[in-house]
>>> print(open('my_file-v4.cif').read())   # mmCIF, N, CA and C atoms
data_run
loop_
_atom_site.label_atom_id
_atom_site.label_comp_id
_atom_site.auth_asym_id
_atom_site.auth_seq_id
_atom_site.Cartn_x
_atom_site.Cartn_y
_atom_site.Cartn_z
N MET A 277 185.79 122.21 36.52
CA MET A 277 185.02 123.42 36.42
C MET A 277 183.52 123.13 36.43
N ALA A 278 183.08 122.09 35.70
CA ALA A 278 181.66 121.73 35.66
C ALA A 278 181.17 121.29 37.04
N ALA A 279 182.02 120.58 37.79
CA ALA A 279 181.64 120.13 39.13
C ALA A 279 181.43 121.32 40.06
N VAL A 280 182.29 122.33 39.94
CA VAL A 280 182.15 123.54 40.76
C VAL A 280 180.87 124.27 40.39
N ALA A 281 180.56 124.38 39.12
CA ALA A 281 179.33 125.04 38.67
C ALA A 281 178.11 124.29 39.16
N ALA A 282 178.16 122.96 39.14
CA ALA A 282 177.03 122.15 39.61
C ALA A 282 176.80 122.36 41.10
N LEU A 283 177.88 122.42 41.88
CA LEU A 283 177.74 122.66 43.31
C LEU A 283 177.19 124.06 43.58
N ALA A 284 177.62 125.03 42.84
CA ALA A 284 177.17 126.40 43.03
C ALA A 284 175.68 126.54 42.74
N LEU A 285 175.18 125.75 41.79
CA LEU A 285 173.76 125.80 41.43
C LEU A 285 172.92 124.87 42.27
N GLY A 286 173.53 124.04 43.11
CA GLY A 286 172.77 123.09 43.92
C GLY A 286 172.28 121.92 43.11
N VAL A 287 172.98 121.59 42.05
CA VAL A 287 172.57 120.51 41.17
C VAL A 287 173.39 119.28 41.48
N GLY A 288 172.73 118.12 41.59
CA GLY A 288 173.42 116.86 41.86
C GLY A 288 174.13 116.36 40.61
N THR A 289 174.84 115.27 40.77
CA THR A 289 175.58 114.71 39.65
C THR A 289 174.67 114.16 38.57
N ALA A 290 173.44 113.86 38.91
CA ALA A 290 172.51 113.35 37.89
C ALA A 290 171.86 114.49 37.12
N GLY A 291 172.16 115.75 37.48
CA GLY A 291 171.62 116.87 36.75
C GLY A 291 170.29 117.38 37.29
N THR A 292 169.89 116.94 38.47
CA THR A 292 168.64 117.41 39.04
C THR A 292 168.92 118.17 40.33
N ALA A 293 168.14 119.19 40.58
CA ALA A 293 168.30 120.00 41.79
C ALA A 293 167.75 119.22 42.99
N TRP A 294 168.40 119.36 44.14
CA TRP A 294 167.93 118.72 45.36
C TRP A 294 166.72 119.48 45.86
N ALA A 295 165.64 118.77 46.16
CA ALA A 295 164.39 119.41 46.56
C ALA A 295 164.13 119.26 48.05
N GLY A 296 165.06 118.70 48.80
CA GLY A 296 164.89 118.60 50.25
C GLY A 296 164.31 117.28 50.69
N ASP A 297 163.92 117.25 51.96
CA ASP A 297 163.31 116.06 52.58
C ASP A 297 161.87 116.38 52.92
N ALA A 298 160.99 115.42 52.73
CA ALA A 298 159.58 115.61 53.06
C ALA A 298 158.99 114.26 53.40
N ASP A 299 158.02 114.26 54.28
CA ASP A 299 157.28 113.04 54.61
C ASP A 299 155.85 113.26 54.15
N LEU A 300 155.52 112.69 53.00
CA LEU A 300 154.21 112.89 52.40
C LEU A 300 153.26 111.77 52.79
N GLU A 301 152.00 112.13 52.99
CA GLU A 301 150.96 111.13 53.27
C GLU A 301 149.69 111.53 52.55
N VAL A 302 148.81 110.56 52.40
CA VAL A 302 147.55 110.79 51.69
C VAL A 302 146.42 110.12 52.47
N HIS A 303 145.34 110.86 52.67
CA HIS A 303 144.15 110.33 53.35
C HIS A 303 142.91 110.89 52.65
N GLY A 304 141.78 110.25 52.89
CA GLY A 304 140.55 110.74 52.27
C GLY A 304 139.39 109.81 52.49
N SER A 305 138.45 109.88 51.54
CA SER A 305 137.27 109.02 51.58
C SER A 305 136.85 108.69 50.16
N VAL A 306 136.06 107.63 50.04
CA VAL A 306 135.60 107.20 48.72
C VAL A 306 134.18 106.64 48.86
N VAL A 307 133.34 106.92 47.86
CA VAL A 307 131.95 106.46 47.82
C VAL A 307 131.70 105.88 46.44
N MET A 308 130.99 104.74 46.38
CA MET A 308 130.61 104.14 45.10
C MET A 308 129.10 103.98 45.02
N ASN A 309 128.52 104.55 43.97
CA ASN A 309 127.10 104.39 43.64
C ASN A 309 127.02 103.88 42.22
N GLY A 310 126.58 102.63 42.04
CA GLY A 310 126.51 102.07 40.70
C GLY A 310 127.89 101.99 40.08
N ASP A 311 128.05 102.67 38.92
CA ASP A 311 129.36 102.66 38.25
C ASP A 311 130.15 103.95 38.50
N VAL A 312 129.67 104.80 39.42
CA VAL A 312 130.36 106.06 39.72
C VAL A 312 131.05 105.96 41.07
N VAL A 313 132.33 106.31 41.08
CA VAL A 313 133.13 106.32 42.30
C VAL A 313 133.64 107.75 42.48
N VAL A 314 133.43 108.31 43.67
CA VAL A 314 133.93 109.66 43.96
C VAL A 314 134.95 109.55 45.09
N VAL A 315 136.17 109.99 44.79
CA VAL A 315 137.26 109.96 45.75
C VAL A 315 137.55 111.39 46.19
N ARG A 316 137.65 111.58 47.49
CA ARG A 316 138.10 112.85 48.07
C ARG A 316 139.41 112.54 48.77
N VAL A 317 140.47 113.16 48.31
CA VAL A 317 141.79 112.85 48.85
C VAL A 317 142.50 114.15 49.23
N THR A 318 143.12 114.12 50.40
CA THR A 318 143.88 115.26 50.89
C THR A 318 145.32 114.84 51.13
N PRO A 319 146.26 115.41 50.36
CA PRO A 319 147.67 115.13 50.61
C PRO A 319 148.17 116.00 51.76
N ARG A 320 149.20 115.54 52.41
CA ARG A 320 149.79 116.30 53.52
C ARG A 320 151.30 116.08 53.52
N ASN A 321 152.01 117.13 53.88
CA ASN A 321 153.46 117.08 53.96
C ASN A 321 153.84 117.30 55.42
N LEU A 322 154.44 116.28 56.03
CA LEU A 322 154.86 116.39 57.42
C LEU A 322 156.25 117.00 57.57
N GLY A 323 156.87 117.35 56.44
CA GLY A 323 158.13 118.07 56.47
C GLY A 323 159.36 117.17 56.54
N PRO A 324 160.48 117.77 56.73
CA PRO A 324 160.72 119.11 57.25
C PRO A 324 160.73 120.21 56.19
N ASP A 325 160.80 119.87 54.89
CA ASP A 325 160.89 120.89 53.85
C ASP A 325 159.59 120.98 53.06
N ILE A 326 159.31 122.16 52.50
CA ILE A 326 158.14 122.32 51.65
C ILE A 326 158.35 121.55 50.36
N VAL A 327 157.26 121.23 49.69
CA VAL A 327 157.31 120.51 48.42
C VAL A 327 156.61 121.39 47.38
N SER A 328 157.26 121.62 46.27
CA SER A 328 156.71 122.50 45.24
C SER A 328 155.50 121.89 44.55
N GLY A 329 155.39 120.58 44.57
CA GLY A 329 154.27 119.88 43.97
C GLY A 329 154.52 118.39 44.04
N ALA A 330 153.47 117.62 44.08
CA ALA A 330 153.57 116.17 44.13
C ALA A 330 152.45 115.59 43.28
N THR A 331 152.44 114.27 43.17
CA THR A 331 151.41 113.59 42.37
C THR A 331 150.80 112.46 43.18
N VAL A 332 149.47 112.46 43.25
CA VAL A 332 148.71 111.39 43.87
C VAL A 332 148.25 110.44 42.77
N ARG A 333 148.47 109.14 42.98
CA ARG A 333 148.02 108.13 42.02
C ARG A 333 146.85 107.38 42.64
N LEU A 334 145.75 107.27 41.88
CA LEU A 334 144.57 106.51 42.31
C LEU A 334 144.41 105.33 41.37
N THR A 335 144.39 104.12 41.95
CA THR A 335 144.31 102.90 41.15
C THR A 335 143.14 102.06 41.65
N TRP A 336 142.28 101.64 40.74
CA TRP A 336 141.11 100.83 41.07
C TRP A 336 141.34 99.39 40.63
N SER A 337 140.68 98.45 41.31
CA SER A 337 140.77 97.04 40.94
C SER A 337 139.88 96.71 39.75
N ALA A 338 139.02 97.62 39.36
CA ALA A 338 138.14 97.44 38.21
C ALA A 338 138.52 98.46 37.13
N ALA A 339 138.28 98.09 35.88
CA ALA A 339 138.60 98.98 34.77
C ALA A 339 137.71 100.21 34.77
N LEU A 340 138.29 101.33 34.38
CA LEU A 340 137.54 102.57 34.24
C LEU A 340 136.83 102.61 32.89
N ALA A 341 135.73 103.32 32.83
CA ALA A 341 135.03 103.52 31.55
C ALA A 341 135.95 104.28 30.60
N ASP A 342 135.73 104.13 29.30
CA ASP A 342 136.59 104.77 28.32
C ASP A 342 136.56 106.29 28.42
N THR A 343 135.39 106.86 28.69
CA THR A 343 135.24 108.32 28.76
C THR A 343 135.14 108.75 30.21
N GLN A 344 135.95 109.74 30.59
CA GLN A 344 135.96 110.28 31.94
C GLN A 344 135.91 111.80 31.88
N GLN A 345 135.33 112.43 32.89
CA GLN A 345 135.38 113.88 33.05
C GLN A 345 136.13 114.15 34.34
N LEU A 346 137.44 114.30 34.21
CA LEU A 346 138.31 114.46 35.37
C LEU A 346 138.56 115.93 35.66
N PRO A 347 138.89 116.25 36.91
CA PRO A 347 139.26 117.63 37.25
C PRO A 347 140.51 118.05 36.47
N PRO A 348 140.72 119.36 36.32
CA PRO A 348 141.86 119.85 35.53
C PRO A 348 143.23 119.37 36.02
N ALA A 349 143.39 119.12 37.31
CA ALA A 349 144.69 118.68 37.85
C ALA A 349 144.94 117.20 37.66
N CYS A 350 143.98 116.48 37.05
CA CYS A 350 144.07 115.02 36.94
C CYS A 350 144.13 114.57 35.49
N ALA A 351 144.73 113.39 35.29
CA ALA A 351 144.81 112.77 33.97
C ALA A 351 144.76 111.27 34.13
N ARG A 352 144.14 110.63 33.18
CA ARG A 352 144.13 109.16 33.17
C ARG A 352 145.50 108.68 32.73
N SER A 353 146.02 107.66 33.44
CA SER A 353 147.35 107.16 33.09
C SER A 353 147.36 105.66 32.83
N GLY A 354 146.21 105.05 32.76
CA GLY A 354 146.12 103.63 32.48
C GLY A 354 144.67 103.18 32.50
N GLU A 355 144.46 101.90 32.25
CA GLU A 355 143.11 101.35 32.20
C GLU A 355 142.38 101.49 33.54
N ARG A 356 143.14 101.47 34.64
CA ARG A 356 142.57 101.52 35.99
C ARG A 356 143.18 102.62 36.85
N GLU A 357 143.83 103.60 36.24
CA GLU A 357 144.65 104.53 37.01
C GLU A 357 144.45 105.99 36.58
N VAL A 358 144.43 106.87 37.59
CA VAL A 358 144.37 108.32 37.38
C VAL A 358 145.45 108.95 38.26
N VAL A 359 146.12 109.96 37.76
CA VAL A 359 147.09 110.71 38.55
C VAL A 359 146.62 112.16 38.65
N CYS A 360 146.89 112.78 39.81
CA CYS A 360 146.47 114.16 40.05
C CYS A 360 147.60 114.94 40.69
N GLY A 361 147.84 116.14 40.21
CA GLY A 361 148.82 117.03 40.81
C GLY A 361 148.26 117.67 42.06
N THR A 362 149.11 117.82 43.05
CA THR A 362 148.67 118.37 44.34
C THR A 362 148.85 119.88 44.45
N GLY A 363 149.73 120.45 43.64
CA GLY A 363 150.15 121.82 43.88
C GLY A 363 151.15 121.82 45.01
N PRO A 364 151.58 122.99 45.47
CA PRO A 364 152.58 123.07 46.54
C PRO A 364 152.02 122.49 47.85
N LEU A 365 152.91 121.88 48.63
CA LEU A 365 152.54 121.33 49.93
C LEU A 365 153.41 121.94 51.01
N ALA A 366 152.80 122.78 51.85
CA ALA A 366 153.50 123.39 52.97
C ALA A 366 153.70 122.32 54.05
N VAL A 367 154.52 122.63 55.02
CA VAL A 367 154.80 121.69 56.10
C VAL A 367 153.69 121.77 57.15
N ASP A 368 153.19 120.59 57.56
CA ASP A 368 152.19 120.44 58.62
C ASP A 368 150.85 121.11 58.34
N LEU A 369 150.53 121.32 57.07
CA LEU A 369 149.22 121.83 56.69
C LEU A 369 148.65 120.91 55.63
N PRO A 370 147.34 120.64 55.67
CA PRO A 370 146.76 119.81 54.61
C PRO A 370 146.84 120.52 53.27
N GLY A 371 147.10 119.75 52.23
CA GLY A 371 147.10 120.31 50.89
C GLY A 371 145.67 120.49 50.41
N GLU A 372 145.54 121.00 49.22
CA GLU A 372 144.22 121.20 48.60
C GLU A 372 143.54 119.85 48.41
N GLN A 373 142.28 119.74 48.87
CA GLN A 373 141.55 118.49 48.69
C GLN A 373 141.25 118.28 47.22
N LEU A 374 141.51 117.08 46.74
CA LEU A 374 141.19 116.70 45.37
C LEU A 374 139.89 115.90 45.40
N VAL A 375 138.94 116.28 44.56
CA VAL A 375 137.70 115.53 44.41
C VAL A 375 137.72 114.95 43.01
N VAL A 376 137.78 113.61 42.95
CA VAL A 376 137.98 112.92 41.68
C VAL A 376 136.84 111.93 41.44
N PRO A 377 135.88 112.30 40.59
CA PRO A 377 134.83 111.35 40.23
C PRO A 377 135.26 110.55 39.00
N VAL A 378 135.04 109.24 39.04
CA VAL A 378 135.33 108.40 37.87
C VAL A 378 134.14 107.46 37.63
N ARG A 379 134.04 107.02 36.39
CA ARG A 379 133.05 106.00 36.04
C ARG A 379 133.78 104.70 35.76
N LEU A 380 133.23 103.62 36.28
CA LEU A 380 133.79 102.29 36.03
C LEU A 380 133.16 101.71 34.77
N ARG A 381 133.86 100.81 34.13
CA ARG A 381 133.34 100.16 32.93
C ARG A 381 132.14 99.27 33.26
N GLU A 382 132.18 98.61 34.40
CA GLU A 382 131.11 97.73 34.86
C GLU A 382 130.48 98.32 36.11
N ARG A 383 129.54 97.58 36.70
CA ARG A 383 128.92 97.95 37.98
C ARG A 383 129.24 96.86 39.00
N PRO A 384 130.46 96.85 39.52
CA PRO A 384 130.84 95.79 40.46
C PRO A 384 130.16 95.99 41.83
N ALA A 385 130.05 94.92 42.58
CA ALA A 385 129.51 94.99 43.94
C ALA A 385 130.53 95.61 44.89
N GLU A 386 131.81 95.53 44.52
CA GLU A 386 132.88 96.10 45.33
C GLU A 386 134.07 96.40 44.44
N VAL A 387 134.90 97.30 44.93
CA VAL A 387 136.13 97.66 44.22
C VAL A 387 137.17 98.03 45.28
N THR A 388 138.42 97.78 44.96
CA THR A 388 139.51 98.19 45.83
C THR A 388 140.15 99.43 45.24
N LEU A 389 140.37 100.43 46.08
CA LEU A 389 141.05 101.65 45.68
C LEU A 389 142.39 101.72 46.39
N GLU A 390 143.43 102.02 45.63
CA GLU A 390 144.74 102.31 46.21
C GLU A 390 145.04 103.77 45.90
N ALA A 391 145.39 104.52 46.93
CA ALA A 391 145.79 105.91 46.77
C ALA A 391 147.22 106.02 47.29
N ASP A 392 148.11 106.58 46.47
CA ASP A 392 149.48 106.72 46.92
C ASP A 392 150.14 107.94 46.30
N MET A 393 151.23 108.33 46.90
CA MET A 393 152.03 109.44 46.39
C MET A 393 152.97 108.87 45.34
N ALA A 394 152.72 109.19 44.08
CA ALA A 394 153.51 108.64 42.99
C ALA A 394 154.78 109.44 42.74
N TRP A 395 154.77 110.72 43.10
CA TRP A 395 155.92 111.59 42.86
C TRP A 395 155.94 112.64 43.96
N SER A 396 157.09 112.96 44.46
CA SER A 396 157.19 113.87 45.60
C SER A 396 157.86 115.19 45.25
N GLY A 397 157.78 115.59 44.00
CA GLY A 397 158.38 116.86 43.61
C GLY A 397 159.88 116.85 43.71
N GLY A 398 160.48 115.69 43.76
CA GLY A 398 161.93 115.57 43.87
C GLY A 398 162.43 115.48 45.29
N ALA A 399 161.54 115.70 46.27
CA ALA A 399 161.95 115.60 47.68
C ALA A 399 162.16 114.13 48.05
N VAL A 400 163.06 113.90 48.98
CA VAL A 400 163.33 112.56 49.46
C VAL A 400 162.38 112.27 50.63
N ASP A 401 161.62 111.19 50.52
CA ASP A 401 160.68 110.79 51.57
C ASP A 401 161.27 109.56 52.26
N HIS A 402 161.76 109.75 53.49
CA HIS A 402 162.40 108.66 54.22
C HIS A 402 161.40 107.73 54.89
N ASP A 403 160.13 108.12 54.98
CA ASP A 403 159.10 107.28 55.61
C ASP A 403 158.01 107.00 54.58
N ARG A 404 158.16 105.94 53.82
CA ARG A 404 157.20 105.58 52.77
C ARG A 404 156.01 104.80 53.31
N THR A 405 155.95 104.54 54.62
CA THR A 405 154.87 103.73 55.19
C THR A 405 153.52 104.43 55.15
N ASN A 406 153.49 105.75 55.09
CA ASN A 406 152.22 106.48 55.08
C ASN A 406 151.90 107.06 53.71
N ASP A 407 152.62 106.65 52.69
CA ASP A 407 152.40 107.17 51.34
C ASP A 407 151.29 106.43 50.60
N ARG A 408 150.93 105.25 51.04
CA ARG A 408 149.97 104.42 50.30
C ARG A 408 148.85 103.97 51.22
N GLN A 409 147.62 104.12 50.74
CA GLN A 409 146.43 103.66 51.45
C GLN A 409 145.65 102.74 50.53
N ARG A 410 145.01 101.75 51.11
CA ARG A 410 144.20 100.80 50.33
C ARG A 410 142.89 100.60 51.07
N VAL A 411 141.78 100.66 50.32
CA VAL A 411 140.46 100.54 50.95
C VAL A 411 139.53 99.74 50.04
N LEU A 412 138.75 98.87 50.67
CA LEU A 412 137.70 98.12 49.97
C LEU A 412 136.44 98.96 50.01
N VAL A 413 135.84 99.18 48.84
CA VAL A 413 134.66 100.02 48.72
C VAL A 413 133.50 99.17 48.21
N LEU A 414 132.43 99.13 48.99
CA LEU A 414 131.23 98.40 48.57
C LEU A 414 130.28 99.35 47.86
N ALA A 415 129.50 98.82 46.93
CA ALA A 415 128.56 99.63 46.14
C ALA A 415 127.29 99.90 46.95
N THR A 416 127.45 100.52 48.11
CA THR A 416 126.32 100.79 49.01
C THR A 416 125.97 102.26 49.08
N GLY A 417 126.85 103.12 48.52
CA GLY A 417 126.65 104.55 48.65
C GLY A 417 127.20 105.10 49.95
N ASP A 418 127.80 104.24 50.76
CA ASP A 418 128.39 104.67 52.03
C ASP A 418 129.82 105.15 51.80
N PRO A 419 130.26 106.18 52.55
CA PRO A 419 131.65 106.62 52.44
C PRO A 419 132.58 105.70 53.23
N TYR A 420 133.74 105.45 52.65
CA TYR A 420 134.77 104.65 53.29
C TYR A 420 136.01 105.52 53.42
N ALA A 421 136.53 105.64 54.64
CA ALA A 421 137.69 106.49 54.90
C ALA A 421 138.97 105.69 54.74
N PHE A 422 140.02 106.40 54.34
CA PHE A 422 141.36 105.79 54.25
C PHE A 422 142.39 106.79 54.70
#
>>> encode(input="my_file-v4.cif", output="structure tokens")
Amino acid sequence: MAAVAALALGVGTAGTAWAGDADLEVHGSVVMNGDVVVVRVTPRNLGPDIVSGATVRLTWSAALADTQQLPPACARSGEREVVCGTGPLAVDLPGEQLVVPVRLRERPAEVTLEADMAWSGGAVDHDRTNDRQRVLVLATGDPYAF
């Protein structure tokens, strides 16, 4: 009886609802001036199904300062890591651009940024090759695209 109820509700055996298939990717740009790094990231869902929400993870090779003023959709999740919610992602349309300024603990001459999709709203992403971007950022004030 429980198995029939689970099938009727669209719930898998692990107790979670199937959220479909999606191919998520992340692109953007990053600029570093002194100890301030500003990341502009745009998530995208190539489909075939919509995604109710996902999470972008931003990881730096240098430690972040203890105090940060992050956008409301973002939270610090480690010494060098911030996660941001994307909101819903329609198919073949760019998601809402996230602008994430952070302060580093030091003033390095360069830093590496990794941006990736940490969570896909439960959707299965069969192509993980475009989920993660990595870029070397020099402290020149120039934008670097990823």
>>> closest_residue(input="my_file-v4.cif", among="A:Gly310, A:Val387, A:Arg404, A:Ser396", to="A:Ser337", atoms="all atoms listed in the file")
A:Val387
>>> residues_near_point(input="my_file-v4.cif", point="(144.0, 101.9, 43.5)", cutoff="5 Å", atoms="only N, CA and C atoms", output="list in words")
Leu334, Thr335, Trp336, Thr388, Leu389, Glu390 and Ala391 of chain A
>>> closest_residue(input="my_file-v4.cif", among="A:Ala399, A:Met308, A:Met393, A:Leu369", to="A:Arg333", atoms="all atoms listed in the file")
A:Met393
>>> select_by_dssp(input="my_file-v4.cif", residues="chain A", states="helix (DSSP H, G or I)", output="list in words")
Ala278, Ala279, Val280, Ala281, Ala282, Leu283, Ala284, Leu285, Arg404, Thr405 and Asn406 of chain A
>>> closest_residue(input="my_file-v4.cif", among="A:Ala385, A:Val378, A:Tyr420, A:Gly397", to="A:Val314", atoms="only N, CA and C atoms")
A:Val378
>>> resolve_selection(input="my_file-v4.cif", expression="the PyMOL selection byres ((chain A and resi 356-364) around 6)", output="list in words")
Val327, Ser328, Gly329, Ala330, Thr331, Val332, Arg333, Leu334, Thr335, Trp336, Ala338, Ala339, Leu340, Ala349, Cys350, Ala351, Arg352, Ser353, Gly354, Glu355, Leu365, Ala366 and Glu372 of chain A
>>> closest_residue(input="my_file-v4.cif", among="A:Pro348, A:Pro370, A:Gly304, A:Gly296", to="A:Asp325", atoms="only C-alpha atoms")
A:Gly296
>>> residues_around(input="my_file-v4.cif", residues="A:Val376", least_positions_apart="6", cutoff="7 Å", atoms="only C-alpha atoms", output="number ranges by chain")
A: 314-316, 346-347
>>> atom_distance(input="my_file-v4.cif", atom1="atom CA of A:Arg379", atom2="atom CA of A:Glu301")
25.4 Å
>>> select_by_dssp(input="my_file-v4.cif", residues="stretch 307-378 of chain A", states="strand (DSSP E)", output="PyMOL selection string")
chain A and resi 307-309+312-321+331-336+350-354+357-361+374-378
>>> closest_residue(input="my_file-v4.cif", among="A:Val313, A:Leu300, A:Gln345, A:Ala295", to="A:Thr416", atoms="only C-alpha atoms")
A:Val313
>>> atom_distance(input="my_file-v4.cif", atom1="atom C of A:Asp401", atom2="atom N of A:Val306")
25.4 Å
>>> closest_residue(input="my_file-v4.cif", among="A:Gln409, A:Leu380, A:Asp342, A:Thr318", to="A:Asp392", atoms="all atoms listed in the file")
A:Gln409
>>> atom_distance(input="my_file-v4.cif", atom1="atom N of A:Gln373", atom2="atom CA of A:Asn321")
12.6 Å
>>> residues_around(input="my_file-v4.cif", residues="A:Glu386", least_positions_apart="2", cutoff="6 Å", atoms="only C-alpha atoms", output="number ranges by chain")
A: 384, 413-415
>>> decode(input="my_file-v4.cif", residues="stretch 317-345 of chain A", atoms="N, CA and C atoms", output="CSV table (one decimal), in the first residue's frame")
chain,number,residue,atom,x,y,z
A,317,VAL,N,27.8,36.4,-11.5
A,317,VAL,CA,27.6,35.1,-12.0
A,317,VAL,C,26.1,34.9,-12.5
A,318,THR,N,26.0,34.3,-13.7
A,318,THR,CA,24.7,34.0,-14.2
A,318,THR,C,24.5,32.5,-14.4
A,319,PRO,N,23.6,31.9,-13.7
A,319,PRO,CA,23.3,30.5,-13.9
A,319,PRO,C,22.3,30.3,-15.1
A,320,ARG,N,22.4,29.2,-15.7
A,320,ARG,CA,21.5,28.9,-16.9
A,320,ARG,C,21.1,27.4,-16.8
A,321,ASN,N,19.9,27.2,-17.3
A,321,ASN,CA,19.4,25.8,-17.3
A,321,ASN,C,19.1,25.5,-18.8
A,322,LEU,N,19.9,24.5,-19.3
A,322,LEU,CA,19.7,24.2,-20.7
A,322,LEU,C,18.6,23.1,-20.9
A,323,GLY,N,17.9,22.7,-19.8
A,323,GLY,CA,16.8,21.8,-19.9
A,323,GLY,C,17.1,20.4,-19.9
A,324,PRO,N,16.1,19.6,-20.1
A,324,PRO,CA,14.8,19.9,-20.7
A,324,PRO,C,13.8,20.3,-19.7
A,325,ASP,N,14.0,20.2,-18.4
A,325,ASP,CA,12.9,20.5,-17.4
A,325,ASP,C,13.3,21.8,-16.7
A,326,ILE,N,12.3,22.5,-16.2
A,326,ILE,CA,12.6,23.7,-15.4
A,326,ILE,C,13.1,23.2,-14.0
A,327,VAL,N,13.8,24.1,-13.3
A,327,VAL,CA,14.4,23.9,-12.0
A,327,VAL,C,13.8,24.9,-11.0
A,328,SER,N,13.3,24.4,-9.9
A,328,SER,CA,12.6,25.3,-9.0
A,328,SER,C,13.6,26.2,-8.3
A,329,GLY,N,14.8,25.8,-8.2
A,329,GLY,CA,15.9,26.6,-7.6
A,329,GLY,C,17.2,25.7,-7.5
A,330,ALA,N,18.3,26.4,-7.5
A,330,ALA,CA,19.6,25.7,-7.5
A,330,ALA,C,20.5,26.6,-6.6
A,331,THR,N,21.7,26.1,-6.4
A,331,THR,CA,22.7,26.8,-5.5
A,331,THR,C,24.0,26.8,-6.3
A,332,VAL,N,24.6,28.1,-6.4
A,332,VAL,CA,25.9,28.3,-6.9
A,332,VAL,C,26.8,28.4,-5.7
A,333,ARG,N,28.0,27.7,-5.9
A,333,ARG,CA,29.0,27.7,-4.8
A,333,ARG,C,30.2,28.5,-5.4
A,334,LEU,N,30.7,29.5,-4.7
A,334,LEU,CA,31.9,30.2,-5.0
A,334,LEU,C,33.0,29.9,-4.0
A,335,THR,N,34.1,29.5,-4.5
A,335,THR,CA,35.2,29.1,-3.6
A,335,THR,C,36.5,29.8,-4.1
A,336,TRP,N,37.2,30.5,-3.2
A,336,TRP,CA,38.4,31.2,-3.4
A,336,TRP,C,39.6,30.5,-2.9
A,337,SER,N,40.8,30.7,-3.5
A,337,SER,CA,42.0,30.0,-3.0
A,337,SER,C,42.6,30.8,-1.8
A,338,ALA,N,42.0,31.9,-1.5
A,338,ALA,CA,42.5,32.7,-0.4
A,338,ALA,C,41.3,32.8,0.6
A,339,ALA,N,41.7,32.9,1.9
A,339,ALA,CA,40.7,33.0,3.0
A,339,ALA,C,39.9,34.3,2.9
A,340,LEU,N,38.6,34.2,3.2
A,340,LEU,CA,37.8,35.4,3.2
A,340,LEU,C,38.0,36.1,4.6
A,341,ALA,N,37.7,37.4,4.6
A,341,ALA,CA,37.8,38.2,5.8
A,341,ALA,C,36.6,37.7,6.7
A,342,ASP,N,36.8,37.9,8.0
A,342,ASP,CA,35.8,37.4,9.0
A,342,ASP,C,34.4,38.0,8.8
A,343,THR,N,34.4,39.3,8.4
A,343,THR,CA,33.1,40.0,8.3
A,343,THR,C,32.8,40.2,6.8
A,344,GLN,N,31.6,39.9,6.3
A,344,GLN,CA,31.2,40.0,5.0
A,344,GLN,C,29.8,40.7,4.9
A,345,GLN,N,29.6,41.4,3.9
A,345,GLN,CA,28.2,41.9,3.6
A,345,GLN,C,27.7,41.3,2.3
